[in-house]
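Participant: Supplied structure: my_file19.cif, mmCIF, C-alpha atoms; chains and numbers go by the auth columns.
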```
data_work
loop_
_atom_site.group_PDB
_atom_site.id
_atom_site.type_symbol
_atom_site.label_atom_id
_atom_site.label_comp_id
_atom_site.label_asym_id
_atom_site.label_seq_id
_atom_site.Cartn_x
_atom_site.Cartn_y
_atom_site.Cartn_z
_atom_site.B_iso_or_equiv
_atom_site.auth_seq_id
_atom_site.auth_asym_id
ATOM 1 C CA MET A 1 -8.364 63.169 177.289 0.00 1 C
ATOM 2 C CA SER A 2 -8.705 61.552 173.886 0.00 2 C
ATOM 3 C CA ILE A 3 -6.458 58.993 172.271 0.00 3 C
ATOM 4 C CA CYS A 4 -5.370 59.748 168.712 0.00 4 C
ATOM 5 C CA ASP A 5 -5.969 56.903 166.291 0.00 5 C
ATOM 6 C CA LYS A 6 -3.766 58.623 163.666 0.00 6 C
ATOM 7 C CA ASP A 7 -6.545 58.553 161.082 0.00 7 C
ATOM 8 C CA CYS A 8 -6.275 62.239 160.252 0.00 8 C
ATOM 9 C CA PHE A 9 -8.767 62.082 157.383 0.00 9 C
ATOM 10 C CA HIS A 10 -11.564 60.994 159.733 0.00 10 C
ATOM 11 C CA CYS A 11 -10.438 62.731 162.911 0.00 11 C
ATOM 12 C CA PRO A 12 -13.349 63.863 165.106 0.00 12 C
ATOM 13 C CA TYR A 13 -11.207 66.613 166.638 0.00 13 C
ATOM 14 C CA PRO A 14 -10.807 69.613 164.299 0.00 14 C
ATOM 15 C CA ASP A 15 -8.027 71.161 166.404 0.00 15 C
ATOM 16 C CA CYS A 16 -5.892 68.002 166.551 0.00 16 C
ATOM 17 C CA ILE A 17 -2.253 68.734 165.836 0.00 17 C
ATOM 18 C CA ASN A 18 -0.659 65.346 166.423 0.00 18 C
ATOM 19 C CA ASP A 19 2.636 65.550 164.552 0.00 19 C
ATOM 20 C CA GLN A 20 4.689 63.024 166.492 0.00 20 C
ATOM 21 C CA MET A 21 5.963 59.878 164.806 0.00 21 C
ATOM 22 C CA ASP A 22 6.406 56.671 166.718 0.00 22 C
ATOM 23 C CA HIS A 23 8.817 53.915 165.696 0.00 23 C
ATOM 24 C CA GLU A 24 6.313 52.138 163.420 0.00 24 C
ATOM 25 C CA ASP A 25 5.535 55.405 161.611 0.00 25 C
ATOM 26 C CA TYR A 26 9.228 56.031 161.136 0.00 26 C
ATOM 27 C CA ILE A 27 9.805 52.560 159.673 0.00 27 C
ATOM 28 C CA GLU A 28 6.834 52.945 157.314 0.00 28 C
ATOM 29 C CA ALA A 29 8.064 56.370 156.142 0.00 29 C
ATOM 30 C CA SER A 30 11.557 54.983 155.610 0.00 30 C
ATOM 31 C CA LYS A 31 10.172 52.194 153.440 0.00 31 C
ATOM 32 C CA ARG A 32 8.192 54.698 151.353 0.00 32 C
ATOM 33 C CA ASP A 33 11.241 56.941 150.975 0.00 33 C
ATOM 34 C CA LYS A 34 13.378 54.003 149.898 0.00 34 C
ATOM 35 C CA ALA A 35 10.800 52.981 147.304 0.00 35 C
ATOM 36 C CA LEU A 36 10.684 56.532 145.934 0.00 36 C
ATOM 37 C CA ARG A 37 14.484 56.707 145.664 0.00 37 C
ATOM 38 C CA SER A 38 14.584 53.412 143.802 0.00 38 C
ATOM 39 C CA THR A 39 15.420 54.374 140.227 0.00 39 C
ATOM 40 C CA PRO A 40 16.442 52.209 137.273 0.00 40 C
ATOM 41 C CA LYS A 41 19.996 53.534 137.629 0.00 41 C
ATOM 42 C CA SER A 42 20.188 52.641 141.337 0.00 42 C
ATOM 43 C CA LYS A 43 18.713 49.199 140.629 0.00 43 C
ATOM 44 C CA LYS A 44 21.318 48.608 137.921 0.00 44 C
ATOM 45 C CA LEU A 45 24.113 49.665 140.278 0.00 45 C
ATOM 46 C CA ALA A 46 22.786 47.389 143.037 0.00 46 C
ATOM 47 C CA ALA A 47 22.647 44.478 140.589 0.00 47 C
ATOM 48 C CA GLN A 48 26.248 45.138 139.521 0.00 48 C
ATOM 49 C CA GLN A 49 27.414 45.266 143.136 0.00 49 C
ATOM 50 C CA LYS A 50 25.595 42.038 143.946 0.00 50 C
ATOM 51 C CA ALA A 51 27.107 40.310 140.904 0.00 51 C
ATOM 52 C CA TYR A 52 30.587 41.468 141.940 0.00 52 C
ATOM 53 C CA ARG A 53 30.151 40.224 145.511 0.00 53 C
ATOM 54 C CA GLU A 54 28.904 36.843 144.304 0.00 54 C
ATOM 55 C CA ALA A 55 31.718 36.492 141.754 0.00 55 C
ATOM 56 C CA ASN A 56 34.405 37.525 144.260 0.00 56 C
ATOM 57 C CA ARG A 57 33.008 36.048 147.467 0.00 57 C
ATOM 58 C CA GLU A 58 36.269 34.422 148.580 0.00 58 C
ATOM 59 C CA LYS A 59 38.332 37.512 147.759 0.00 59 C
ATOM 60 C CA VAL A 60 35.990 39.788 149.737 0.00 60 C
ATOM 61 C CA ALA A 61 35.955 37.386 152.690 0.00 61 C
ATOM 62 C CA ALA A 62 39.752 37.233 152.678 0.00 62 C
ATOM 63 C CA GLN A 63 40.003 41.040 152.609 0.00 63 C
ATOM 64 C CA GLN A 64 37.572 41.337 155.522 0.00 64 C
ATOM 65 C CA LYS A 65 39.498 38.746 157.525 0.00 65 C
ATOM 66 C CA ALA A 66 42.803 40.498 156.816 0.00 66 C
ATOM 67 C CA TYR A 67 41.317 43.832 157.908 0.00 67 C
ATOM 68 C CA ARG A 68 39.981 42.359 161.160 0.00 68 C
ATOM 69 C CA GLU A 69 43.348 40.788 161.939 0.00 69 C
ATOM 70 C CA ALA A 70 45.278 43.975 161.108 0.00 70 C
ATOM 71 C CA ASN A 71 42.951 46.150 163.184 0.00 71 C
ATOM 72 C CA ARG A 72 42.203 43.761 166.038 0.00 72 C
ATOM 73 C CA GLU A 73 42.970 46.311 168.796 0.00 73 C
ATOM 74 C CA LYS A 74 40.925 49.052 167.162 0.00 74 C
ATOM 75 C CA LEU A 75 37.929 46.758 166.725 0.00 75 C
ATOM 76 C CA ALA A 76 38.250 45.484 170.298 0.00 76 C
ATOM 77 C CA ALA A 77 38.228 49.036 171.640 0.00 77 C
ATOM 78 C CA GLN A 78 35.229 49.885 169.467 0.00 78 C
ATOM 79 C CA GLN A 79 33.160 46.916 170.580 0.00 79 C
ATOM 80 C CA LYS A 80 34.056 47.559 174.223 0.00 80 C
ATOM 81 C CA LYS A 81 33.032 51.210 173.915 0.00 81 C
ATOM 82 C CA ILE A 82 29.625 50.409 172.408 0.00 82 C
ATOM 83 C CA LYS A 83 28.850 47.753 174.989 0.00 83 C
ATOM 84 C CA GLU A 84 30.027 49.912 177.909 0.00 84 C
ATOM 85 C CA LEU A 85 27.901 52.844 176.752 0.00 85 C
ATOM 86 C CA ARG A 86 24.849 50.634 176.292 0.00 86 C
ATOM 87 C CA LYS A 87 25.287 49.167 179.783 0.00 87 C
ATOM 88 C CA GLU A 88 25.995 52.613 181.267 0.00 88 C
ATOM 89 C CA LEU A 89 22.721 53.906 179.844 0.00 89 C
ATOM 90 C CA GLY A 90 20.913 50.814 181.145 0.00 90 C
ATOM 91 C CA LEU A 91 19.782 49.689 177.702 0.00 91 C
ATOM 92 C CA SER A 92 19.126 46.161 176.581 0.00 92 C
ATOM 93 C CA LEU A 93 20.199 44.994 173.128 0.00 93 C
ATOM 94 C CA ARG A 94 16.617 45.274 171.890 0.00 94 C
ATOM 95 C CA THR A 95 16.127 48.771 173.279 0.00 95 C
ATOM 96 C CA ALA A 96 19.408 49.991 171.807 0.00 96 C
ATOM 97 C CA ALA A 97 18.478 48.391 168.489 0.00 97 C
ATOM 98 C CA SER A 98 15.107 50.127 168.394 0.00 98 C
ATOM 99 C CA ILE A 99 16.765 53.479 169.149 0.00 99 C
ATOM 100 C CA LEU A 100 19.268 52.926 166.333 0.00 100 C
ATOM 101 C CA HIS A 101 16.617 51.494 163.963 0.00 101 C
ATOM 102 C CA VAL A 102 18.520 48.250 163.432 0.00 102 C
ATOM 103 C CA SER A 103 18.037 44.698 164.657 0.00 103 C
ATOM 104 C CA ALA A 104 19.326 43.438 167.994 0.00 104 C
ATOM 105 C CA ALA A 105 21.567 41.048 166.042 0.00 105 C
ATOM 106 C CA THR A 106 23.217 44.014 164.328 0.00 106 C
ATOM 107 C CA VAL A 107 23.987 45.695 167.657 0.00 107 C
ATOM 108 C CA SER A 108 25.359 42.403 168.946 0.00 108 C
ATOM 109 C CA ASN A 109 27.533 42.040 165.849 0.00 109 C
ATOM 110 C CA TRP A 110 28.848 45.588 166.339 0.00 110 C
ATOM 111 C CA GLU A 111 29.704 44.814 169.953 0.00 111 C
ATOM 112 C CA ARG A 112 31.499 41.620 168.946 0.00 112 C
ATOM 113 C CA GLY A 113 33.340 43.382 166.123 0.00 113 C
ATOM 114 C CA LEU A 114 31.913 41.130 163.423 0.00 114 C
ATOM 115 C CA ILE A 115 30.663 44.003 161.307 0.00 115 C
ATOM 116 C CA PRO A 116 31.924 47.586 161.210 0.00 116 C
ATOM 117 C CA CYS A 117 29.863 50.562 162.250 0.00 117 C
ATOM 118 C CA SER A 118 30.232 54.296 162.609 0.00 118 C
ATOM 119 C CA ILE A 119 31.096 54.444 166.295 0.00 119 C
ATOM 120 C CA SER A 120 30.539 58.200 166.493 0.00 120 C
ATOM 121 C CA LYS A 121 27.011 57.898 165.028 0.00 121 C
ATOM 122 C CA VAL A 122 26.111 55.040 167.371 0.00 122 C
ATOM 123 C CA ILE A 123 27.306 56.926 170.442 0.00 123 C
ATOM 124 C CA ARG A 124 25.612 60.162 169.361 0.00 124 C
ATOM 125 C CA ASN A 125 22.293 58.408 168.694 0.00 125 C
ATOM 126 C CA LEU A 126 22.327 56.411 171.935 0.00 126 C
ATOM 127 C CA ARG A 127 23.194 59.451 174.035 0.00 127 C
ATOM 128 C CA GLY A 128 20.704 61.623 172.132 0.00 128 C
ATOM 129 C CA ALA A 129 17.900 59.178 172.840 0.00 129 C
ATOM 130 C CA GLN A 130 18.535 59.403 176.575 0.00 130 C
ATOM 131 C CA THR A 131 18.194 63.185 176.753 0.00 131 C
#
```
Could you write out this structure as structure tokens?
Facilitator:
Amino acid sequence: MSICDKDCFHCPYPDCINDQMDHEDYIEASKRDKALRSTPKSKKLAAQQKAYREANREKVAAQQKAYREANREKLAAQQKKIKELRKELGLSLRTAASILHVSAATVSNWERGLIPCSISKVIRNLRGAQT
């Protein structure tokens, strides 16, 4: 049995049909796609958003804090649900992060309720990876 080196242009096997992407391939393709979608208009919009955030840093932080305080129970339930599902599936932070294509710190921040996430997408992706 041969091991594919993923160099399709110099493949010694004419009937090779390796079409599976591993995590590194996925990340590389995502970077290429992002570079292709980068247009002058999107760059201008990103610059405007960054300027707004920098100019209104305190205001944005205050709004985020007010939201977290107003929705404390909802966020607590969300973080508990993510962590329980991850533990139920027997996944470490790093494994869950690689499945979701984010960093382990991001998953940890979701579980602690420090940053919001789409709970339905997280659950669907974690359960989908286990099937």
Participant: Give the answer as one residue: which of C:Lys81, C:His23, C:Val107, C:Pro116 has the shortest atom-to-atom distance to Leu93 of chain C, using all atoms listed in the file?
Facilitator: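 Nearest candidate to Leu93 of chain C out of C:Lys81, C:His23, C:Val107, C:Pro116: C:Val107.
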Participant: With the PyMOL selection byres ((chain C and resi 98) around 12) as the selection, what would be picked from this file? Answer as a list in words, please.
Facilitator: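 Written out, the selection comes to Asp22, His23, Glu24, Tyr26, Ile27, Leu91, Ser92, Leu93, Arg94, Thr95, Ala96, Ala97, Ile99, Leu100, His101, Val102, Ser103, Ala104, Ala105, Thr106, Val107, Asn125, Leu126 and Ala129 of chain C.
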Participant: Distance atom CA of Leu89 of chain C-atom CA of Gly113 of chain C, one decimal place?
Facilitator: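 The value is 20.3 Å.
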Participant: Name the residues captured by the PyMOL selection byres ((chain C and resi 75) around 10) when it is applied to the shown file; answer as a VMD selection string.
Facilitator: chain C and resid 67 to 74 76 to 81 110 to 117
Participant: Quick one, how far is atom CA of Lys121 of chain C from atom CA of Ala29 of chain C?
Facilitator: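 Computing the Euclidean distance for atom CA of Lys121 of chain C and atom CA of Ala29 of chain C yields 21.0 Å.
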Participant: Nearest residue to Glu88 of chain C out of C:Ala51, C:Ile123, C:Val60, C:Ala66, using only C-alpha atoms?
Facilitator: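 Among C:Ala51, C:Ile123, C:Val60, C:Ala66, it is C:Ile123 that comes nearest to Glu88 of chain C.
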Participant: Atom CA of Gln64 of chain C and atom CA of Ser118 of chain C, how far apart in Å?
Facilitator: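 Going from atom CA of Ser118 of chain C over to atom CA of Gln64 of chain C covers 16.5 Å.
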Participant: Please report, as lines of an AutoDock Vina configuration file, the centre and edge lengths in Å to one decimal of an axis-aligned box covering all listed atoms of segment 24-29 of chain C with 3 Å per side.
Facilitator:
```
center_x = 7.7
center_y = 54.3
center_z = 159.8
size_x = 10.3
size_y = 10.2
size_z = 13.3
```
